[in-house]
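Below is the file input-v2.txt, which contains compact mmCIF, C-alpha atoms.
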# COMPACT_ATOMS: atom_id res chain seq x y z
CA MET A 17 -94.99 -75.27 85.24
CA THR A 18 -94.29 -77.72 82.47
CA CYS A 19 -91.15 -79.82 82.76
CA PRO A 20 -88.63 -79.84 79.92
CA ASP A 21 -88.95 -82.67 77.42
CA PRO A 22 -86.80 -84.63 77.76
CA PRO A 23 -86.35 -83.98 81.51
CA LEU A 24 -82.96 -82.71 82.70
CA VAL A 25 -83.16 -84.86 85.84
CA THR A 26 -84.00 -88.48 86.52
CA ALA A 27 -84.42 -89.42 90.17
CA SER A 28 -85.89 -92.04 92.43
CA GLY A 29 -86.35 -92.29 96.16
CA PHE A 30 -88.03 -90.65 99.11
CA VAL A 31 -86.83 -88.16 101.72
CA GLY A 32 -88.99 -87.76 104.81
CA GLY A 33 -91.88 -89.42 103.02
CA LYS A 34 -91.63 -87.03 100.04
CA ASP A 35 -91.18 -88.65 96.64
CA ILE A 36 -88.46 -86.97 94.57
CA ALA A 37 -89.07 -89.03 91.42
CA GLY A 38 -90.70 -85.97 89.83
CA LEU A 39 -87.50 -83.88 89.63
CA CYS A 40 -87.25 -82.73 86.01
CA ASP A 41 -85.56 -79.31 85.60
CA ALA A 42 -82.19 -77.97 86.77
CA TYR A 43 -79.72 -75.10 86.60
CA THR A 44 -76.21 -74.23 87.78
CA LYS A 45 -75.06 -70.94 89.35
CA MET A 46 -71.87 -69.72 91.02
CA GLN A 47 -71.23 -67.12 93.68
CA GLY A 48 -67.97 -65.95 95.20
CA SER A 49 -64.59 -65.32 93.66
CA THR A 50 -62.03 -67.51 91.95
CA GLU A 51 -59.39 -64.87 92.70
CA PRO A 52 -58.14 -63.65 96.10
CA VAL A 53 -59.63 -60.30 97.12
CA GLY A 54 -58.00 -57.84 99.52
CA GLY A 55 -55.89 -60.43 101.31
CA ALA A 56 -58.72 -62.98 101.55
CA MET A 57 -58.35 -66.35 99.88
CA ALA A 58 -60.34 -67.21 96.78
CA GLN A 59 -63.58 -68.96 97.75
CA TRP A 60 -66.78 -69.81 95.87
CA GLN A 61 -69.93 -71.90 95.87
CA LEU A 62 -71.12 -73.70 92.76
CA TRP A 63 -74.63 -75.05 93.06
CA SER A 64 -77.11 -76.95 90.99
CA LEU A 65 -80.78 -76.74 91.85
CA LEU A 66 -82.83 -79.71 90.66
CA SER A 67 -86.58 -79.08 90.69
CA SER A 68 -89.91 -80.86 90.25
CA GLU A 69 -91.19 -77.83 88.29
CA GLY A 70 -90.17 -76.45 84.91
CA GLY A 71 -88.85 -72.92 84.42
CA VAL A 72 -86.72 -73.06 87.56
CA CYS A 73 -83.97 -70.77 86.19
CA ALA A 74 -86.49 -68.11 85.14
CA ARG A 75 -87.71 -68.03 88.74
CA PHE A 76 -84.29 -67.01 90.12
CA VAL A 77 -85.09 -63.32 90.61
CA ASN A 78 -83.05 -60.55 92.31
CA GLY A 79 -80.62 -63.03 93.85
CA GLY A 80 -83.27 -65.36 95.26
CA GLN A 81 -85.25 -68.38 94.18
CA VAL A 82 -89.04 -68.16 93.82
CA TYR A 83 -90.66 -71.51 94.62
CA LEU A 84 -93.98 -72.86 93.42
CA ALA A 85 -96.56 -74.61 95.60
CA ASN A 86 -95.29 -78.02 96.77
CA GLU A 87 -92.19 -77.76 94.57
CA ALA A 88 -89.59 -80.39 95.49
CA THR A 89 -85.93 -79.47 95.08
CA LEU A 90 -82.55 -81.12 95.51
CA ARG A 91 -79.74 -78.60 95.94
CA VAL A 92 -76.22 -79.85 95.20
CA VAL A 93 -73.59 -77.39 96.46
CA VAL A 94 -69.81 -77.55 96.07
CA THR A 95 -67.79 -75.04 98.08
CA GLY A 96 -64.23 -74.54 96.90
CA TRP A 97 -61.20 -72.59 98.08
CA LYS A 98 -57.44 -72.35 97.81
CA GLU A 99 -54.97 -70.76 100.17
CA TYR A 100 -54.03 -67.12 99.65
CA PRO A 101 -52.65 -65.79 97.27
CA ALA A 102 -53.56 -68.52 94.75
CA SER A 103 -56.62 -68.46 92.49
CA ALA A 104 -59.23 -71.23 92.86
CA PRO A 105 -60.79 -72.24 89.54
CA TRP A 106 -64.26 -73.68 90.05
CA ALA A 107 -64.03 -76.03 87.06
CA PRO A 108 -61.79 -78.96 87.97
CA PRO A 109 -59.08 -80.02 85.53
CA ALA A 110 -60.46 -82.25 82.77
CA ALA A 111 -58.13 -85.05 83.90
CA ASP A 112 -59.98 -85.11 87.26
CA LEU A 113 -63.32 -85.97 85.60
CA PRO A 114 -65.34 -87.86 86.49
CA LEU A 115 -64.97 -86.19 89.89
CA VAL A 116 -66.53 -88.10 92.79
CA LEU A 117 -67.22 -85.91 95.81
CA PRO A 118 -68.49 -87.41 99.07
CA VAL A 119 -70.95 -85.67 101.38
CA VAL A 120 -68.71 -84.78 104.30
CA ASP A 121 -68.76 -82.74 107.44
CA PRO A 122 -66.42 -79.85 106.86
CA GLY A 123 -63.11 -81.54 107.40
CA PRO A 124 -59.98 -79.51 107.24
CA ASP A 125 -59.79 -79.63 103.45
CA GLY A 126 -62.57 -81.71 101.87
CA THR A 127 -61.46 -83.32 98.60
CA THR A 128 -58.49 -81.67 96.90
CA THR A 129 -58.37 -81.80 93.10
CA SER A 130 -55.13 -81.93 91.10
CA ASP A 131 -55.14 -78.11 90.77
CA GLY A 132 -54.93 -77.76 94.58
CA VAL A 133 -58.50 -76.54 95.05
CA HIS A 134 -60.25 -77.93 98.13
CA ARG A 135 -63.87 -78.95 97.47
CA VAL A 136 -66.62 -79.81 99.96
CA LEU A 137 -69.98 -81.21 98.86
CA ARG A 138 -73.35 -80.57 100.52
CA ALA A 139 -76.79 -81.68 99.33
CA ALA A 140 -80.27 -80.98 100.69
CA VAL A 141 -83.87 -81.71 99.77
CA MET A 142 -86.64 -79.17 100.37
CA VAL A 143 -90.33 -79.29 99.51
CA ALA A 144 -92.00 -75.87 99.42
CA SER A 145 -95.25 -75.28 101.25
CA LYS A 146 -98.65 -75.21 99.52
CA ASN A 147 -98.09 -71.43 99.20
CA GLY A 148 -94.60 -71.80 97.66
CA ARG A 149 -92.81 -70.76 100.85
CA LEU A 150 -89.55 -72.27 102.04
CA THR A 151 -89.80 -75.14 104.48
CA ASN A 152 -87.07 -76.89 106.44
CA SER A 153 -84.60 -78.69 104.25
CA VAL A 154 -83.20 -82.14 104.98
CA ASP A 155 -79.42 -82.39 104.61
CA ALA A 156 -77.76 -85.44 103.08
CA THR A 157 -75.89 -87.42 105.72
CA SER A 158 -73.73 -89.48 103.35
CA GLY A 159 -73.32 -90.52 99.75
CA THR A 160 -71.66 -89.07 96.67
CA VAL A 161 -72.19 -86.92 93.62
CA THR A 162 -70.16 -87.85 90.55
CA PHE A 163 -69.60 -84.89 88.25
CA THR A 164 -69.12 -86.15 84.70
CA GLN A 165 -69.00 -82.72 83.06
CA VAL A 166 -68.20 -79.25 84.37
CA SER A 167 -68.00 -76.62 81.64
CA ASP A 168 -66.55 -73.17 82.26
CA VAL A 169 -66.68 -72.20 78.58
CA ASP A 170 -70.10 -73.32 77.33
CA PRO A 171 -72.97 -71.56 79.10
CA GLY A 172 -75.41 -74.14 77.78
CA LYS A 173 -73.65 -76.99 79.54
CA GLY A 174 -72.93 -76.02 83.15
CA GLN A 175 -72.46 -79.33 84.92
CA SER A 176 -73.85 -82.81 84.84
CA GLY A 177 -73.48 -85.98 86.81
CA THR A 178 -75.08 -88.63 88.97
CA PHE A 179 -76.03 -88.72 92.62
CA ASP A 180 -76.33 -91.50 95.20
CA LEU A 181 -77.31 -89.81 98.46
CA TRP A 182 -78.51 -90.83 101.90
CA PHE A 183 -80.67 -88.67 104.13
CA GLY A 184 -80.52 -90.72 107.33
CA THR A 185 -82.23 -93.96 106.26
CA ASP A 186 -83.78 -92.43 103.12
CA HIS A 187 -81.91 -93.09 99.86
CA VAL A 188 -82.14 -91.20 96.53
CA ILE A 189 -80.35 -91.82 93.26
CA GLY A 190 -80.40 -90.15 89.89
CA SER A 191 -78.68 -88.08 87.23
CA PHE A 192 -78.82 -84.46 86.10
CA THR A 193 -77.75 -81.99 83.45
CA ALA A 194 -77.80 -78.44 84.81
CA SER A 195 -76.99 -75.67 82.33
CA TRP A 196 -75.87 -72.22 83.45
CA CYS A 197 -78.57 -69.89 84.70
CA ALA A 198 -77.67 -66.32 83.75
Represent the structure from my file as structure tokens, please.
Amino acid sequence: MTCPDPPLVTASGFVGGKDIAGLCDAYTKMQGSTEPVGGAMAQWQLWSLLSSEGGVCARFVNGGQVYLANEATLRVVVTGWKEYPASAPWAPPAADLPLVLPVVDPGPDGTTTSDGVHRVLRAAVMVASKNGRLTNSVDATSGTVTFTQVSDVDPGKGQSGTFDLWFGTDHVIGSFTASWCA
């Protein structure tokens, strides 16, 4: 599919021999709850999917992503939570932006923002098969994502930022603007 013009992603680097310079489209989605439910703490995942193919949001169907042949993706996922009975807003306070999150193994708390929400970052690259089927993803081993904007009020904005990620000895860098995908 045709990439947006201008592209929503700029990227350079290779992961496992796969060039990710062609990433061009992106969206943001959220799952989980910002409020405690039935005695369980508030917990959510906010993810941005960066893709080498246009129309990536339109291909999120019935709770799952439909991939195109040989489509390369970089998934940036932030998991957040706050101890019961507090709520856990997914948008960090404006004073915390830009928010730099490191790729970490799940430590006890990840990075805690000024609102008390614990945030853990994960990133992975996946290149779909020639039939558009999922293949094994490669998880980032270190690096950071710097979120420069996270909008909880403007559905056209979602989140944007830059990434500087390592996948073993492979290094990728870039920037993205990922609007909300309804």
Closest atom pairs, residues of range 85-171 of chain A within 10 Å of range 47-56 of chain A, only C-alpha atoms, as JSON lines:
{"residue": "A:Thr95", "atom": "CA", "partner": "A:Gly48", "partner_atom": "CA", "distance": 9.5}
{"residue": "A:Gly96", "atom": "CA", "partner": "A:Thr50", "partner_atom": "CA", "distance": 8.9}
{"residue": "A:Trp97", "atom": "CA", "partner": "A:Thr50", "partner_atom": "CA", "distance": 8.0}
{"residue": "A:Lys98", "atom": "CA", "partner": "A:Thr50", "partner_atom": "CA", "distance": 8.9}
{"residue": "A:Glu99", "atom": "CA", "partner": "A:Ala56", "partner_atom": "CA", "distance": 8.7}
{"residue": "A:Tyr100", "atom": "CA", "partner": "A:Pro52", "partner_atom": "CA", "distance": 6.4}
{"residue": "A:Pro101", "atom": "CA", "partner": "A:Pro52", "partner_atom": "CA", "distance": 6.0}
{"residue": "A:Ala102", "atom": "CA", "partner": "A:Pro52", "partner_atom": "CA", "distance": 6.8}
{"residue": "A:Ser103", "atom": "CA", "partner": "A:Glu51", "partner_atom": "CA", "distance": 4.5}
{"residue": "A:Ala104", "atom": "CA", "partner": "A:Thr50", "partner_atom": "CA", "distance": 4.7}
{"residue": "A:Pro105", "atom": "CA", "partner": "A:Thr50", "partner_atom": "CA", "distance": 5.5}
{"residue": "A:Trp106", "atom": "CA", "partner": "A:Thr50", "partner_atom": "CA", "distance": 6.8}
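For the residues A:Val77, A:Gly177, A:Ser68, A:Arg138, ranking by smallest atom-to-atom distance to Leu115 in chain A using all atoms listed in the file places A:Gly177 first.
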Around the point (-76.8, -71.3, 83.7), in the coordinates given by the file, pick out the residues reaching within 7 Å, counting all atoms listed in the file, and return them as a PDB file with C-alpha atoms, in the coordinates of the input.
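Once written, out_22.pdb looks like this:
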ATOM      1  CA  TYR A  43     -79.720 -75.100  86.600  1.00  0.00           C
ATOM      2  CA  THR A  44     -76.210 -74.230  87.780  1.00  0.00           C
ATOM      3  CA  LYS A  45     -75.060 -70.940  89.350  1.00  0.00           C
ATOM      4  CA  PRO A 171     -72.970 -71.560  79.100  1.00  0.00           C
ATOM      5  CA  GLY A 172     -75.410 -74.140  77.780  1.00  0.00           C
ATOM      6  CA  GLY A 174     -72.930 -76.020  83.150  1.00  0.00           C
ATOM      7  CA  SER A 195     -76.990 -75.670  82.330  1.00  0.00           C
ATOM      8  CA  TRP A 196     -75.870 -72.220  83.450  1.00  0.00           C
ATOM      9  CA  CYS A 197     -78.570 -69.890  84.700  1.00  0.00           C
ATOM     10  CA  ALA A 198     -77.670 -66.320  83.750  1.00  0.00           C
TER      11      ALA A 198
END
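Compared by their closest atoms to Val92 in chain A, and using only C-alpha atoms, the residues A:Val120, A:Leu62, A:Leu150, A:Val188 rank with A:Leu62 nearest.
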**Report entry** Spatial neighbours of Thr127 in chain A, 7 Å, only C-alpha atoms, chain gap at least 4 places, as an MDAnalysis selection string
**Finding:** chainID A and resid 117 134:136
Report summary line: Between A:Ala194, A:Gly79, A:Thr162, A:Ala88, smallest distance to Phe30 in chain A by only C-alpha atoms belongs to A:Ala88
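Take the candidates A:Lys34, A:Arg75, A:Arg91, A:Lys146 and check each one against Phe192 in chain A using only C-alpha atoms; the shortest distance goes to A:Arg91.
Residues with any atom within 6 Å of Leu90 in chain A, counting all atoms listed in the file and excluding same-chain neighbours fewer than 3 positions away, are Leu65, Leu66, Ala140 and Val141 of chain A.
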Query raised in the report: What does the distance between CA of Ser167 in chain A and CA of Asp180 in chain A come to in Å, to one decimal place?
Result: 21.8 Å
Requested in this report: Do a neighbour search on Ser191 in chain A at 6 Å with all atoms listed in the file, toss out local chain neighbours closer than 6 positions, and write the hits as JSON, numbers by chain.
Outcome: {"A": [25, 26, 177, 178]}
Suppose we keep C-alpha atoms; can you now write the selection as a short mmCIF file (atom, residue, chain, number, x, y, z; two decimals), in the frame of the given file?
data_model
loop_
_atom_site.label_atom_id
_atom_site.label_comp_id
_atom_site.auth_asym_id
_atom_site.auth_seq_id
_atom_site.Cartn_x
_atom_site.Cartn_y
_atom_site.Cartn_z
CA VAL A 25 -83.16 -84.86 85.84
CA THR A 26 -84.00 -88.48 86.52
CA GLY A 177 -73.48 -85.98 86.81
CA THR A 178 -75.08 -88.63 88.97
#
Query raised in the report: Could you work out how far CA of Ser176 in chain A lies from CA of Phe163 in chain A, giving the answer in Å with one decimal?
Result: 5.8 Å
Query raised in the report: So which residues touch Gly33 in chain A within 12 Å, counting only C-alpha atoms, skipping near sequence neighbours fewer than 3 positions away, as a PyMOL selection string?
Result: chain A and resi 29-30+36-37+88+141-143+154+183+185-188
Query raised in the report: So how many Å separate CA of Arg149 in chain A and CA of Gln81 in chain A, to one decimal?
Result: 10.4 Å
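For the residues A:Trp60, A:Pro118, A:Phe179, A:Gly184, ranking by smallest atom-to-atom distance to Ala27 in chain A using all atoms listed in the file places A:Phe179 first.
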From the coordinates I just gave you, please extract range 84-149 of chain A so that only C-alpha atoms remain, then output it as a short mmCIF file (atom, residue, chain, number, x, y, z; two decimals), in the first residue's frame.
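Ended up saving to out_21.cif:
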data_model
loop_
_atom_site.label_atom_id
_atom_site.label_comp_id
_atom_site.auth_asym_id
_atom_site.auth_seq_id
_atom_site.Cartn_x
_atom_site.Cartn_y
_atom_site.Cartn_z
CA LEU A 84 1.02 -7.45 4.13
CA ALA A 85 3.67 -9.54 2.38
CA ASN A 86 7.17 -8.70 3.66
CA GLU A 87 5.84 -5.81 5.76
CA ALA A 88 8.44 -4.58 8.26
CA THR A 89 7.19 -3.24 11.60
CA LEU A 90 8.64 -1.71 14.73
CA ARG A 91 6.33 -2.03 17.72
CA VAL A 92 6.93 0.39 20.60
CA VAL A 93 5.02 -0.68 23.73
CA VAL A 94 4.75 1.11 27.07
CA THR A 95 3.14 -0.83 29.91
CA GLY A 96 1.96 1.28 32.82
CA TRP A 97 0.45 0.64 36.24
CA LYS A 98 -0.13 2.15 39.65
CA GLU A 99 -0.79 0.45 42.95
CA TYR A 100 -4.39 -0.21 43.96
CA PRO A 101 -6.66 1.78 44.50
CA ALA A 102 -5.11 4.64 42.48
CA SER A 103 -5.87 5.39 38.84
CA ALA A 104 -3.02 5.21 36.29
CA PRO A 105 -3.33 7.82 33.55
CA TRP A 106 -1.57 6.68 30.39
CA ALA A 107 -0.65 10.21 29.29
CA PRO A 108 2.25 11.44 31.43
CA PRO A 109 2.05 14.91 32.96
CA ALA A 110 3.07 17.61 30.46
CA ALA A 111 5.92 18.63 32.77
CA ASP A 112 7.46 15.14 32.28
CA LEU A 113 7.79 15.65 28.50
CA PRO A 114 10.01 14.90 26.78
CA LEU A 115 9.84 11.52 28.51
CA VAL A 116 12.85 9.27 27.94
CA LEU A 117 12.10 5.60 28.60
CA PRO A 118 14.87 2.99 28.48
CA VAL A 119 14.38 -0.54 27.20
CA VAL A 120 14.59 -2.52 30.42
CA ASP A 121 14.00 -5.99 31.70
CA PRO A 122 10.96 -5.78 33.93
CA GLY A 123 12.50 -4.35 37.04
CA PRO A 124 10.38 -3.86 40.07
CA ASP A 125 8.95 -0.56 38.86
CA GLY A 126 10.40 0.56 35.51
CA THR A 127 10.48 4.37 35.20
CA THR A 128 8.09 6.24 37.49
CA THR A 129 6.68 9.52 36.20
CA SER A 130 5.77 12.45 38.46
CA ASP A 131 2.15 11.20 38.69
CA GLY A 132 3.35 7.95 40.31
CA VAL A 133 2.66 5.75 37.28
CA HIS A 134 5.29 3.06 36.65
CA ARG A 135 6.19 2.69 32.96
CA VAL A 136 8.16 -0.08 31.23
CA LEU A 137 9.23 0.16 27.59
CA ARG A 138 9.54 -2.73 25.13
CA ALA A 139 10.31 -2.56 21.41
CA ALA A 140 10.44 -5.27 18.74
CA VAL A 141 10.99 -5.54 15.01
CA MET A 142 9.09 -8.07 12.89
CA VAL A 143 9.10 -8.66 9.14
CA ALA A 144 6.05 -10.56 7.88
CA SER A 145 6.46 -13.54 5.58
CA LYS A 146 5.93 -13.37 1.81
CA ASN A 147 2.32 -14.39 2.57
CA GLY A 148 1.80 -11.66 5.20
CA ARG A 149 2.02 -14.10 8.12
#
